[in-house]
>>> print(open('my_file.cif').read())   # mmCIF, C-alpha atoms
data_work
loop_
_atom_site.label_atom_id
_atom_site.label_comp_id
_atom_site.auth_asym_id
_atom_site.auth_seq_id
_atom_site.Cartn_x
_atom_site.Cartn_y
_atom_site.Cartn_z
CA MET H 1 -31.42 -4.53 -69.11
CA PHE H 2 -32.12 -0.80 -69.38
CA TYR H 3 -35.74 -1.24 -68.32
CA ILE H 4 -34.75 -3.57 -65.47
CA TYR H 5 -32.43 -0.85 -64.16
CA LEU H 6 -35.21 1.75 -64.13
CA ILE H 7 -37.48 -0.69 -62.33
CA TYR H 8 -34.93 -1.44 -59.60
CA CYS H 9 -34.37 2.29 -59.05
CA LEU H 10 -38.11 2.89 -58.71
CA GLN H 11 -38.73 -0.16 -56.53
CA ALA H 12 -36.04 1.03 -54.11
CA ASN H 13 -38.59 3.74 -53.33
CA TYR H 14 -41.80 1.73 -53.40
CA GLY H 15 -40.47 -1.52 -51.96
CA TYR H 16 -38.46 -4.17 -53.79
CA ASN H 17 -40.57 -6.87 -55.38
CA ARG H 18 -38.96 -8.87 -58.18
CA ALA H 19 -42.36 -10.33 -59.15
CA LEU H 20 -43.40 -6.93 -60.48
CA ILE H 21 -40.55 -6.71 -63.00
CA PRO H 22 -42.37 -8.23 -66.02
CA GLU H 23 -45.40 -6.00 -65.45
CA TRP H 24 -43.34 -2.85 -64.96
CA SER H 25 -41.07 -3.65 -67.89
CA ALA H 26 -44.05 -4.00 -70.23
CA ALA H 27 -45.45 -0.71 -68.96
CA LEU H 28 -42.14 1.07 -69.51
CA LYS H 29 -41.79 -0.23 -73.04
CA ASP H 30 -45.33 0.89 -73.79
CA TRP H 31 -44.51 4.27 -72.27
CA GLU H 32 -41.49 4.69 -74.53
CA LEU H 33 -43.59 3.98 -77.62
CA LYS H 34 -45.86 6.80 -76.50
CA SER H 35 -42.98 9.12 -75.67
CA GLN H 36 -44.85 12.28 -76.65
CA ILE H 37 -46.75 12.21 -73.33
CA PRO H 38 -46.33 15.62 -71.63
CA VAL H 39 -44.67 15.83 -68.27
CA THR H 40 -47.83 17.13 -66.61
CA GLU H 41 -49.56 13.77 -67.05
CA SER H 42 -47.67 12.31 -64.10
CA CYS H 43 -49.68 9.11 -63.96
CA GLN H 44 -48.46 8.27 -67.47
CA ARG H 45 -44.78 9.18 -67.18
CA LEU H 46 -41.73 8.03 -65.27
CA ASP H 47 -40.70 10.14 -62.30
CA PHE H 48 -37.13 10.88 -63.39
CA SER H 49 -36.53 12.88 -60.23
CA GLN H 50 -37.22 9.74 -58.18
CA ILE H 51 -35.02 7.66 -60.47
CA ALA H 52 -32.15 10.13 -60.08
CA SER H 53 -32.69 10.21 -56.32
CA ARG H 54 -32.43 6.41 -56.07
CA ARG H 55 -29.38 6.36 -58.35
CA SER H 56 -27.78 8.94 -56.08
CA GLN H 57 -28.51 6.78 -53.04
CA VAL H 58 -26.86 3.77 -54.68
CA TYR H 59 -23.72 5.84 -55.28
CA ASP H 60 -23.83 7.06 -51.69
CA LEU H 61 -24.09 3.49 -50.40
CA LEU H 62 -21.06 2.47 -52.46
CA ARG H 63 -19.10 5.57 -51.42
CA GLU H 64 -19.73 4.97 -47.72
CA THR H 65 -18.75 1.32 -48.03
CA PHE H 66 -15.41 2.01 -49.71
CA ASN H 67 -14.47 5.18 -47.81
CA GLY H 68 -15.64 4.23 -44.34
CA LEU H 69 -14.34 1.72 -41.85
CA PRO H 70 -16.66 -1.29 -41.55
CA SER H 71 -18.86 -1.77 -38.50
CA SER H 72 -21.42 -4.40 -37.58
CA GLU H 73 -24.21 -1.83 -37.89
CA ARG H 74 -23.05 -0.71 -41.33
CA LEU H 75 -22.83 -4.32 -42.51
CA ARG H 76 -26.37 -5.06 -41.31
CA LEU H 77 -27.71 -1.99 -43.09
CA LEU H 78 -25.82 -2.93 -46.24
CA ALA H 79 -27.19 -6.48 -46.31
CA SER H 80 -30.79 -5.34 -45.82
CA SER H 81 -30.72 -2.42 -48.24
CA PRO H 82 -32.87 -2.70 -51.41
CA LEU H 83 -30.29 -0.41 -53.00
CA LEU H 84 -28.05 -3.45 -53.38
CA ASP H 85 -30.63 -4.90 -55.76
CA ALA H 86 -30.76 -1.58 -57.62
CA ALA H 87 -26.98 -1.68 -58.03
CA ALA H 88 -27.13 -5.28 -59.29
CA THR H 89 -29.55 -4.21 -62.06
CA GLY H 90 -30.69 -7.75 -62.78
CA SER H 91 -27.24 -8.75 -64.04
CA ARG H 92 -26.09 -12.29 -63.29
CA VAL H 93 -22.70 -11.08 -62.03
CA GLY H 94 -24.33 -8.35 -59.95
CA GLU H 95 -26.91 -10.69 -58.47
CA GLN H 96 -24.21 -13.21 -57.57
CA ALA H 97 -22.23 -10.46 -55.87
CA VAL H 98 -25.29 -9.38 -53.86
CA ALA H 99 -26.00 -12.98 -52.88
CA SER H 100 -22.36 -13.43 -51.77
CA LEU H 101 -22.46 -10.25 -49.69
CA ARG H 102 -25.71 -11.17 -47.98
CA ALA H 103 -24.56 -14.74 -47.32
CA LEU H 104 -21.24 -13.53 -45.92
CA ILE H 105 -22.89 -11.01 -43.61
CA GLY H 106 -25.80 -13.30 -42.72
CA ASP H 107 -23.57 -16.22 -41.80
CA SER H 108 -21.73 -14.00 -39.35
CA GLY H 109 -24.83 -13.39 -37.25
CA ASP H 110 -24.76 -9.72 -36.23
CA GLY H 111 -21.76 -9.00 -38.44
CA SER H 112 -19.39 -8.34 -35.55
CA SER H 113 -17.34 -11.48 -36.14
CA ILE H 114 -16.23 -10.41 -39.62
CA VAL H 115 -15.72 -6.66 -39.09
CA LYS H 116 -12.05 -7.03 -38.25
CA ASP H 117 -11.37 -9.36 -41.19
CA ILE H 118 -13.09 -6.95 -43.59
CA ALA H 119 -11.11 -4.02 -42.19
CA VAL H 120 -7.82 -5.90 -42.53
CA GLU H 121 -8.69 -6.90 -46.10
CA ARG H 122 -9.62 -3.30 -46.91
CA THR H 123 -6.14 -2.22 -45.87
CA ARG H 124 -4.48 -5.06 -47.78
CA LEU H 125 -6.51 -4.78 -50.99
CA LEU H 126 -7.57 -1.14 -51.26
CA ARG H 127 -5.49 1.19 -49.11
CA GLY H 128 -1.91 0.43 -50.13
CA ILE H 129 -0.53 1.48 -46.76
CA ARG H 130 2.94 -0.04 -47.23
CA PRO H 131 4.71 -0.84 -50.51
CA GLY H 132 5.11 -4.56 -50.99
CA GLN H 133 2.36 -5.44 -48.53
CA GLY H 134 -0.83 -6.12 -50.39
CA LEU H 135 -2.09 -4.18 -53.38
CA PRO H 136 -1.44 -0.50 -54.10
CA PRO H 137 -4.22 1.95 -53.21
CA ALA H 138 -7.52 1.81 -55.11
CA CYS H 139 -6.75 5.05 -56.91
CA GLU H 140 -6.99 6.19 -60.50
CA TYR H 141 -3.29 7.04 -60.75
CA VAL H 142 -2.46 3.39 -60.01
CA TYR H 143 -4.95 1.53 -62.18
CA ARG H 144 -5.35 3.92 -65.08
CA PRO H 145 -2.25 4.15 -67.31
CA SER H 146 -0.51 7.49 -66.84
CA HIS H 147 -0.26 8.14 -70.59
CA GLU H 148 -4.07 8.35 -70.75
CA ASN H 149 -4.44 11.25 -68.33
CA GLY H 150 -1.04 12.86 -68.62
CA GLU H 151 -0.27 12.29 -64.95
CA SER H 152 2.28 9.81 -63.65
CA ASN H 153 2.13 10.33 -59.89
CA VAL H 154 -0.35 10.60 -57.06
CA ASP H 155 0.07 14.37 -56.67
CA GLY H 156 -0.61 15.05 -60.33
CA ALA H 157 -3.66 12.80 -60.50
CA GLY H 158 -5.04 14.21 -57.26
CA ALA H 159 -4.57 17.81 -58.39
CA LEU H 160 -6.36 17.10 -61.65
CA LEU H 161 -9.39 15.71 -59.87
CA LEU H 162 -9.40 18.33 -57.12
CA GLN H 163 -9.65 21.00 -59.79
CA LYS H 164 -12.63 19.19 -61.30
CA TYR H 165 -14.26 18.71 -57.89
CA ASN H 166 -13.75 22.34 -56.86
CA SER H 167 -15.16 23.71 -60.09
CA ALA H 168 -18.30 21.62 -59.55
CA GLY H 169 -18.63 22.46 -55.85
CA PHE H 170 -17.93 18.94 -54.60
CA VAL H 171 -16.02 18.45 -51.34
CA ALA H 172 -14.02 15.22 -51.39
CA ASP H 173 -13.35 13.07 -48.33
CA GLY H 174 -9.97 14.25 -47.06
CA ASN H 175 -9.26 10.96 -45.30
CA VAL H 176 -8.51 9.29 -48.64
CA PRO H 177 -6.82 10.58 -51.83
CA PRO H 178 -8.98 12.59 -54.28
CA ASP H 179 -8.73 9.82 -56.86
CA PHE H 180 -9.57 7.02 -54.40
CA LEU H 181 -12.49 4.86 -55.54
CA GLY H 182 -14.84 6.14 -52.84
CA ASN H 183 -14.21 9.79 -53.74
CA GLU H 184 -14.89 9.23 -57.43
CA LEU H 185 -18.12 7.42 -56.51
CA GLY H 186 -18.93 10.35 -54.21
CA PHE H 187 -18.49 12.81 -57.05
CA LEU H 188 -20.96 10.85 -59.15
CA GLU H 189 -23.39 10.79 -56.21
CA PHE H 190 -23.03 14.59 -56.04
CA LEU H 191 -23.77 15.02 -59.76
CA VAL H 192 -26.75 12.66 -59.72
CA SER H 193 -28.28 14.34 -56.65
CA ARG H 194 -28.04 17.68 -58.48
CA GLU H 195 -29.71 16.04 -61.49
CA ALA H 196 -32.60 15.00 -59.23
CA GLN H 197 -32.98 18.61 -58.11
CA ALA H 198 -32.93 19.79 -61.73
CA TRP H 199 -35.75 17.37 -62.61
CA GLN H 200 -37.75 18.69 -59.66
CA GLN H 201 -37.20 22.26 -60.85
CA ASP H 202 -38.16 21.40 -64.44
CA ASP H 203 -34.72 22.62 -65.55
CA GLY H 204 -34.00 20.73 -68.74
CA ARG H 205 -30.76 22.51 -69.56
CA SER H 206 -29.27 21.53 -66.21
CA VAL H 207 -30.55 17.96 -66.49
CA LEU H 208 -28.76 17.52 -69.81
CA ALA H 209 -25.57 19.22 -68.60
CA LEU H 210 -25.42 17.08 -65.48
CA ALA H 211 -26.16 13.87 -67.38
CA GLU H 212 -23.39 14.74 -69.85
CA ALA H 213 -21.00 15.45 -66.96
CA GLN H 214 -21.79 12.08 -65.38
CA LEU H 215 -21.24 10.18 -68.62
CA ALA H 216 -17.99 12.04 -69.31
CA PHE H 217 -16.68 11.28 -65.81
CA LEU H 218 -17.59 7.62 -66.14
CA ASN H 219 -15.93 7.36 -69.54
CA ASP H 220 -12.87 9.47 -68.74
CA HIS H 221 -12.18 8.45 -65.15
CA ILE H 222 -13.68 5.73 -62.96
CA GLY H 223 -15.05 3.70 -65.87
CA ARG H 224 -11.52 3.34 -67.26
CA TRP H 225 -9.99 1.77 -64.17
CA ILE H 226 -12.72 -0.02 -62.20
CA GLY H 227 -12.14 -3.14 -64.36
CA PRO H 228 -8.36 -3.35 -63.74
CA LEU H 229 -8.95 -2.72 -60.03
CA GLN H 230 -11.54 -5.47 -59.80
CA ALA H 231 -9.26 -7.88 -61.67
CA ALA H 232 -6.35 -7.10 -59.32
CA VAL H 233 -8.45 -7.67 -56.21
CA ARG H 234 -9.96 -10.84 -57.66
CA SER H 235 -6.46 -12.21 -58.29
CA GLU H 236 -5.61 -11.63 -54.62
CA ALA H 237 -8.98 -12.65 -53.14
CA SER H 238 -11.31 -14.36 -55.58
CA SER H 239 -14.06 -14.49 -52.97
CA GLY H 240 -14.89 -12.37 -49.99
CA PHE H 241 -16.44 -9.03 -49.17
CA TRP H 242 -14.34 -6.66 -51.27
CA ALA H 243 -14.25 -8.86 -54.36
CA ALA H 244 -18.05 -8.97 -54.26
CA MET H 245 -18.34 -5.21 -53.64
CA LEU H 246 -16.12 -4.44 -56.60
CA ALA H 247 -18.03 -6.82 -58.88
CA LEU H 248 -21.24 -5.11 -57.83
CA THR H 249 -19.74 -1.65 -58.34
CA GLU H 250 -18.49 -2.46 -61.83
CA THR H 251 -21.93 -3.84 -62.74
CA HIS H 252 -23.58 -0.69 -61.47
CA LEU H 253 -21.23 1.60 -63.39
CA GLN H 254 -21.78 -0.33 -66.61
CA MET H 255 -25.53 0.08 -66.25
CA GLU H 256 -25.14 3.75 -65.41
CA ILE H 257 -23.29 4.28 -68.68
CA GLU H 258 -26.04 2.53 -70.60
CA TYR H 259 -28.73 4.51 -68.79
CA LEU H 260 -27.03 7.86 -69.49
CA GLN H 261 -26.46 6.96 -73.13
CA GLN H 262 -30.18 6.23 -73.45
CA LEU H 263 -31.05 9.44 -71.64
CA LEU H 264 -28.86 11.57 -73.93
CA ASP H 265 -29.37 9.67 -77.20
CA PRO H 266 -31.50 11.74 -79.59
CA GLY H 267 -32.86 8.48 -80.94
CA ALA H 268 -34.40 7.80 -77.53
CA GLY H 269 -36.50 10.91 -77.77
CA ASN H 270 -34.33 13.85 -76.69
CA ARG H 271 -35.19 16.99 -78.60
CA GLU H 272 -35.45 20.73 -78.13
CA ASP H 273 -38.40 22.68 -79.42
CA SER H 274 -37.14 26.19 -80.15
CA ASP H 275 -40.68 27.58 -80.37
CA SER H 276 -41.95 26.25 -77.05
CA GLY H 277 -38.64 26.44 -75.17
CA THR H 278 -38.94 22.88 -73.92
CA THR H 279 -36.65 19.88 -74.06
CA SER H 280 -37.94 16.33 -74.27
CA ILE H 281 -35.80 13.70 -72.58
CA MET H 282 -37.09 10.19 -73.21
CA GLY H 283 -40.57 11.61 -73.53
CA ALA H 284 -40.56 13.84 -70.44
CA GLU H 285 -40.95 17.47 -71.49
CA ILE H 286 -39.12 19.99 -69.32
CA HIS H 287 -38.14 23.61 -69.81
CA ALA H 288 -34.86 24.18 -71.63
#
>>> encode(input="my_file.cif", output="structure tokens")
Amino acid sequence: MFYIYLIYCLQANYGYNRALIPEWSAALKDWELKSQIPVTESCQRLDFSQIASRRSQVYDLLRETFNGLPSSERLRLLASSPLLDAAATGSRVGEQAVASLRALIGDSGDGSSIVKDIAVERTRLLRGIRPGQGLPPACEYVYRPSHENGESNVDGAGALLLQKYNSAGFVADGNVPPDFLGNELGFLEFLVSREAQAWQQDDGRSVLALAEAQLAFLNDHIGRWIGPLQAAVRSEASSGFWAAMLALTETHLQMEIEYLQQLLDPGAGNREDSDSGTTSIMGAEIHA
């Protein structure tokens, strides 16, 4: 699954072609066995900057979908985007979610006939506009038990995340609460885009710090409540646009955790050479 994820991220750049997966997977496994290849031999290494860039774009696609109001144009772009396949990561659940989304949008023609229904369902399932009408808002303070983060109300949870966002330089969408699903996805998009820049600048220390920050945020925040949110929405609407989007999002986050664990795991090839001042991350040598 880890190799499949890398392939989808790369093919989002070069053009999605599932037939290439066995060939690329074999090449990646061979590359890992030869993980001492220096970064300068670009034809023999993965372009981690490109991988981070595509991962960032997947997060951005998810953020826009959850934070923004649906439109026929946005739905058409969503259905045709190869980033959906990257988010699915070859998982059966993810692929089923992508198929459901594309069928739903495709059956509607230009998408205009379902925009209103999707907007109404977004309010009912994710926004929590009125108590007792639909589900509460898709926010961390609702779906993550308060005893885990020490906060028991929306103001406390929001303040905690705003402090984290501000210290990192991230500007959250003010139209939704700081701990709304789309904002937490946006924060991850922000961190991953900075990781891509760090790879481009050969800045190994920043790459590691940003990867660690991503994994910590996934484990301490969104990764702890995406499951309960998806289960709540599925109980209200077992099929439909938002149930499929949440299934896809949970699949993507699970693969992100696995990817980051591989990236940071010393057993996967991370090491620092104190004499040369370089760090090797999965075989790619960059300056520490």
>>> closest_residue(input="my_file.cif", among="H:Arg224, H:Leu188, H:Tyr165, H:Glu121", to="H:Val142", atoms="only C-alpha atoms")
H:Arg224
>>> closest_residue(input="my_file.cif", among="H:Gln261, H:Thr65, H:Ser81, H:Gln197", to="H:Thr249", atoms="all atoms listed in the file")
H:Thr65
>>> atom_distance(input="my_file.cif", atom1="atom CA of H:Gly68", atom2="atom CA of H:Lys116")
13.3 Å
>>> atom_distance(input="my_file.cif", atom1="atom CA of H:Ile222", atom2="atom CA of H:Leu185")
8.0 Å
>>> residues_around(input="my_file.cif", residues="H:Val93", least_positions_apart="4", cutoff="12 Å", atoms="all atoms listed in the file", output="ChimeraX atom specification")
/H:85,87-89,97-100,243-252,254
>>> write_last_selection(input="my_file.cif", atoms="C-alpha atoms", output="PDB file, in the frame of the given file")
ATOM      1  CA  ASP H  85     -30.630  -4.900 -55.760  1.00  0.00           C
ATOM      2  CA  ALA H  87     -26.980  -1.680 -58.030  1.00  0.00           C
ATOM      3  CA  ALA H  88     -27.130  -5.280 -59.290  1.00  0.00           C
ATOM      4  CA  THR H  89     -29.550  -4.210 -62.060  1.00  0.00           C
ATOM      5  CA  ALA H  97     -22.230 -10.460 -55.870  1.00  0.00           C
ATOM      6  CA  VAL H  98     -25.290  -9.380 -53.860  1.00  0.00           C
ATOM      7  CA  ALA H  99     -26.000 -12.980 -52.880  1.00  0.00           C
ATOM      8  CA  SER H 100     -22.360 -13.430 -51.770  1.00  0.00           C
ATOM      9  CA  ALA H 243     -14.250  -8.860 -54.360  1.00  0.00           C
ATOM     10  CA  ALA H 244     -18.050  -8.970 -54.260  1.00  0.00           C
ATOM     11  CA  MET H 245     -18.340  -5.210 -53.640  1.00  0.00           C
ATOM     12  CA  LEU H 246     -16.120  -4.440 -56.600  1.00  0.00           C
ATOM     13  CA  ALA H 247     -18.030  -6.820 -58.880  1.00  0.00           C
ATOM     14  CA  LEU H 248     -21.240  -5.110 -57.830  1.00  0.00           C
ATOM     15  CA  THR H 249     -19.740  -1.650 -58.340  1.00  0.00           C
ATOM     16  CA  GLU H 250     -18.490  -2.460 -61.830  1.00  0.00           C
ATOM     17  CA  THR H 251     -21.930  -3.840 -62.740  1.00  0.00           C
ATOM     18  CA  HIS H 252     -23.580  -0.690 -61.470  1.00  0.00           C
ATOM     19  CA  GLN H 254     -21.780  -0.330 -66.610  1.00  0.00           C
TER      20      GLN H 254
END
>>> closest_residue(input="my_file.cif", among="H:Pro136, H:Gly186, H:Gly240, H:Gly174", to="H:Ser56", atoms="only C-alpha atoms")
H:Gly186
>>> resolve_selection(input="my_file.cif", expression="the PyMOL selection byres ((chain H and resi 213-216) around 7)", output="list of chain:residue names")
H:Leu188, H:Leu191, H:Ala209, H:Leu210, H:Ala211, H:Glu212, H:Phe217, H:Leu218, H:Asn219, H:Asp220, H:Ile257, H:Leu260
>>> resolve_selection(input="my_file.cif", expression="the PyMOL selection byres ((chain H and resi 58) around 10)", output="PyMOL selection string")
chain H and resi 9+12+52-57+59-63+81-87+185+189+249+252
>>> atom_distance(input="my_file.cif", atom1="atom CA of H:Ser239", atom2="atom CA of H:Tyr141")
25.3 Å
>>> decode(input="my_file.cif", residues="stretch 122-149 of chain H", atoms="N, CA, C and O atoms", output="PDB file, in the first residue's frame")
ATOM      1  N   ARG H 122     -24.861  19.273   3.207  1.00  0.00           N
ATOM      2  CA  ARG H 122     -23.688  19.827   3.911  1.00  0.00           C
ATOM      3  C   ARG H 122     -24.132  20.538   5.185  1.00  0.00           C
ATOM      4  O   ARG H 122     -23.526  20.371   6.248  1.00  0.00           O
ATOM      5  N   THR H 123     -25.184  21.324   5.080  1.00  0.00           N
ATOM      6  CA  THR H 123     -25.710  22.013   6.261  1.00  0.00           C
ATOM      7  C   THR H 123     -26.215  21.017   7.296  1.00  0.00           C
ATOM      8  O   THR H 123     -25.934  21.140   8.492  1.00  0.00           O
ATOM      9  N   ARG H 124     -26.936  20.004   6.835  1.00  0.00           N
ATOM     10  CA  ARG H 124     -27.537  19.033   7.759  1.00  0.00           C
ATOM     11  C   ARG H 124     -26.512  18.139   8.431  1.00  0.00           C
ATOM     12  O   ARG H 124     -26.617  17.832   9.626  1.00  0.00           O
ATOM     13  N   LEU H 125     -25.485  17.729   7.667  1.00  0.00           N
ATOM     14  CA  LEU H 125     -24.536  16.729   8.173  1.00  0.00           C
ATOM     15  C   LEU H 125     -23.257  17.313   8.752  1.00  0.00           C
ATOM     16  O   LEU H 125     -22.631  16.686   9.616  1.00  0.00           O
ATOM     17  N   LEU H 126     -22.855  18.501   8.286  1.00  0.00           N
ATOM     18  CA  LEU H 126     -21.523  19.001   8.649  1.00  0.00           C
ATOM     19  C   LEU H 126     -21.508  20.349   9.363  1.00  0.00           C
ATOM     20  O   LEU H 126     -20.542  20.656  10.063  1.00  0.00           O
ATOM     21  N   ARG H 127     -22.517  21.166   9.172  1.00  0.00           N
ATOM     22  CA  ARG H 127     -22.441  22.527   9.676  1.00  0.00           C
ATOM     23  C   ARG H 127     -23.096  22.732  11.037  1.00  0.00           C
ATOM     24  O   ARG H 127     -22.743  23.677  11.752  1.00  0.00           O
ATOM     25  N   GLY H 128     -24.050  21.907  11.411  1.00  0.00           N
ATOM     26  CA  GLY H 128     -24.645  22.044  12.736  1.00  0.00           C
ATOM     27  C   GLY H 128     -25.231  23.423  12.985  1.00  0.00           C
ATOM     28  O   GLY H 128     -24.982  24.035  14.030  1.00  0.00           O
ATOM     29  N   ILE H 129     -26.001  23.932  12.033  1.00  0.00           N
ATOM     30  CA  ILE H 129     -26.509  25.296  12.142  1.00  0.00           C
ATOM     31  C   ILE H 129     -27.480  25.460  13.313  1.00  0.00           C
ATOM     32  O   ILE H 129     -27.413  26.433  14.071  1.00  0.00           O
ATOM     33  N   ARG H 130     -28.379  24.500  13.488  1.00  0.00           N
ATOM     34  CA  ARG H 130     -29.369  24.585  14.563  1.00  0.00           C
ATOM     35  C   ARG H 130     -29.366  23.302  15.386  1.00  0.00           C
ATOM     36  O   ARG H 130     -29.437  22.208  14.826  1.00  0.00           O
ATOM     37  N   PRO H 131     -29.300  23.424  16.712  1.00  0.00           N
ATOM     38  CA  PRO H 131     -29.361  22.233  17.565  1.00  0.00           C
ATOM     39  C   PRO H 131     -30.633  21.443  17.315  1.00  0.00           C
ATOM     40  O   PRO H 131     -31.719  22.016  17.180  1.00  0.00           O
ATOM     41  N   GLY H 132     -30.487  20.151  17.214  1.00  0.00           N
ATOM     42  CA  GLY H 132     -31.643  19.290  17.010  1.00  0.00           C
ATOM     43  C   GLY H 132     -32.028  19.090  15.563  1.00  0.00           C
ATOM     44  O   GLY H 132     -32.919  18.297  15.266  1.00  0.00           O
ATOM     45  N   GLN H 133     -31.381  19.836  14.661  1.00  0.00           N
ATOM     46  CA  GLN H 133     -31.672  19.678  13.237  1.00  0.00           C
ATOM     47  C   GLN H 133     -30.415  19.188  12.531  1.00  0.00           C
ATOM     48  O   GLN H 133     -29.511  19.959  12.241  1.00  0.00           O
ATOM     49  N   GLY H 134     -30.367  17.897  12.307  1.00  0.00           N
ATOM     50  CA  GLY H 134     -29.185  17.316  11.702  1.00  0.00           C
ATOM     51  C   GLY H 134     -28.086  17.075  12.721  1.00  0.00           C
ATOM     52  O   GLY H 134     -28.310  17.130  13.938  1.00  0.00           O
ATOM     53  N   LEU H 135     -26.900  16.823  12.227  1.00  0.00           N
ATOM     54  CA  LEU H 135     -25.752  16.528  13.087  1.00  0.00           C
ATOM     55  C   LEU H 135     -25.086  17.809  13.580  1.00  0.00           C
ATOM     56  O   LEU H 135     -25.238  18.871  12.967  1.00  0.00           O
ATOM     57  N   PRO H 136     -24.346  17.721  14.671  1.00  0.00           N
ATOM     58  CA  PRO H 136     -23.568  18.881  15.116  1.00  0.00           C
ATOM     59  C   PRO H 136     -22.455  19.183  14.109  1.00  0.00           C
ATOM     60  O   PRO H 136     -22.209  18.383  13.197  1.00  0.00           O
ATOM     61  N   PRO H 137     -21.783  20.316  14.237  1.00  0.00           N
ATOM     62  CA  PRO H 137     -20.769  20.682  13.244  1.00  0.00           C
ATOM     63  C   PRO H 137     -19.609  19.695  13.203  1.00  0.00           C
ATOM     64  O   PRO H 137     -19.263  19.067  14.206  1.00  0.00           O
ATOM     65  N   ALA H 138     -19.006  19.573  12.021  1.00  0.00           N
ATOM     66  CA  ALA H 138     -17.872  18.657  11.821  1.00  0.00           C
ATOM     67  C   ALA H 138     -16.608  19.290  12.393  1.00  0.00           C
ATOM     68  O   ALA H 138     -15.697  19.710  11.673  1.00  0.00           O
ATOM     69  N   CYS H 139     -16.581  19.351  13.723  1.00  0.00           N
ATOM     70  CA  CYS H 139     -15.495  20.012  14.440  1.00  0.00           C
ATOM     71  C   CYS H 139     -14.872  19.061  15.457  1.00  0.00           C
ATOM     72  O   CYS H 139     -15.537  18.165  15.982  1.00  0.00           O
ATOM     73  N   GLU H 140     -13.620  19.327  15.755  1.00  0.00           N
ATOM     74  CA  GLU H 140     -12.895  18.467  16.693  1.00  0.00           C
ATOM     75  C   GLU H 140     -13.542  18.463  18.067  1.00  0.00           C
ATOM     76  O   GLU H 140     -13.613  17.417  18.718  1.00  0.00           O
ATOM     77  N   TYR H 141     -14.010  19.625  18.529  1.00  0.00           N
ATOM     78  CA  TYR H 141     -14.554  19.682  19.884  1.00  0.00           C
ATOM     79  C   TYR H 141     -15.793  18.806  20.041  1.00  0.00           C
ATOM     80  O   TYR H 141     -16.128  18.390  21.151  1.00  0.00           O
ATOM     81  N   VAL H 142     -16.470  18.505  18.929  1.00  0.00           N
ATOM     82  CA  VAL H 142     -17.665  17.665  18.968  1.00  0.00           C
ATOM     83  C   VAL H 142     -17.301  16.188  18.959  1.00  0.00           C
ATOM     84  O   VAL H 142     -17.801  15.401  19.769  1.00  0.00           O
ATOM     85  N   TYR H 143     -16.419  15.809  18.051  1.00  0.00           N
ATOM     86  CA  TYR H 143     -16.190  14.392  17.788  1.00  0.00           C
ATOM     87  C   TYR H 143     -14.970  13.815  18.493  1.00  0.00           C
ATOM     88  O   TYR H 143     -14.797  12.604  18.510  1.00  0.00           O
ATOM     89  N   ARG H 144     -14.171  14.666  19.076  1.00  0.00           N
ATOM     90  CA  ARG H 144     -13.065  14.166  19.899  1.00  0.00           C
ATOM     91  C   ARG H 144     -13.416  14.395  21.357  1.00  0.00           C
ATOM     92  O   ARG H 144     -13.729  15.518  21.748  1.00  0.00           O
ATOM     93  N   PRO H 145     -13.381  13.357  22.192  1.00  0.00           N
ATOM     94  CA  PRO H 145     -13.766  13.521  23.596  1.00  0.00           C
ATOM     95  C   PRO H 145     -12.980  14.636  24.273  1.00  0.00           C
ATOM     96  O   PRO H 145     -11.775  14.759  24.091  1.00  0.00           O
ATOM     97  N   SER H 146     -13.678  15.449  25.059  1.00  0.00           N
ATOM     98  CA  SER H 146     -13.042  16.621  25.663  1.00  0.00           C
ATOM     99  C   SER H 146     -11.923  16.243  26.624  1.00  0.00           C
ATOM    100  O   SER H 146     -10.969  16.999  26.794  1.00  0.00           O
ATOM    101  N   HIS H 147     -12.003  15.068  27.259  1.00  0.00           N
ATOM    102  CA  HIS H 147     -10.967  14.710  28.225  1.00  0.00           C
ATOM    103  C   HIS H 147      -9.622  14.458  27.548  1.00  0.00           C
ATOM    104  O   HIS H 147      -8.582  14.488  28.193  1.00  0.00           O
ATOM    105  N   GLU H 148      -9.647  14.236  26.212  1.00  0.00           N
ATOM    106  CA  GLU H 148      -8.391  13.980  25.511  1.00  0.00           C
ATOM    107  C   GLU H 148      -7.601  15.255  25.262  1.00  0.00           C
ATOM    108  O   GLU H 148      -6.376  15.248  25.263  1.00  0.00           O
ATOM    109  N   ASN H 149      -8.288  16.360  25.008  1.00  0.00           N
ATOM    110  CA  ASN H 149      -7.565  17.590  24.708  1.00  0.00           C
ATOM    111  C   ASN H 149      -7.724  18.670  25.763  1.00  0.00           C
ATOM    112  O   ASN H 149      -7.229  19.778  25.598  1.00  0.00           O
TER     113      ASN H 149
END
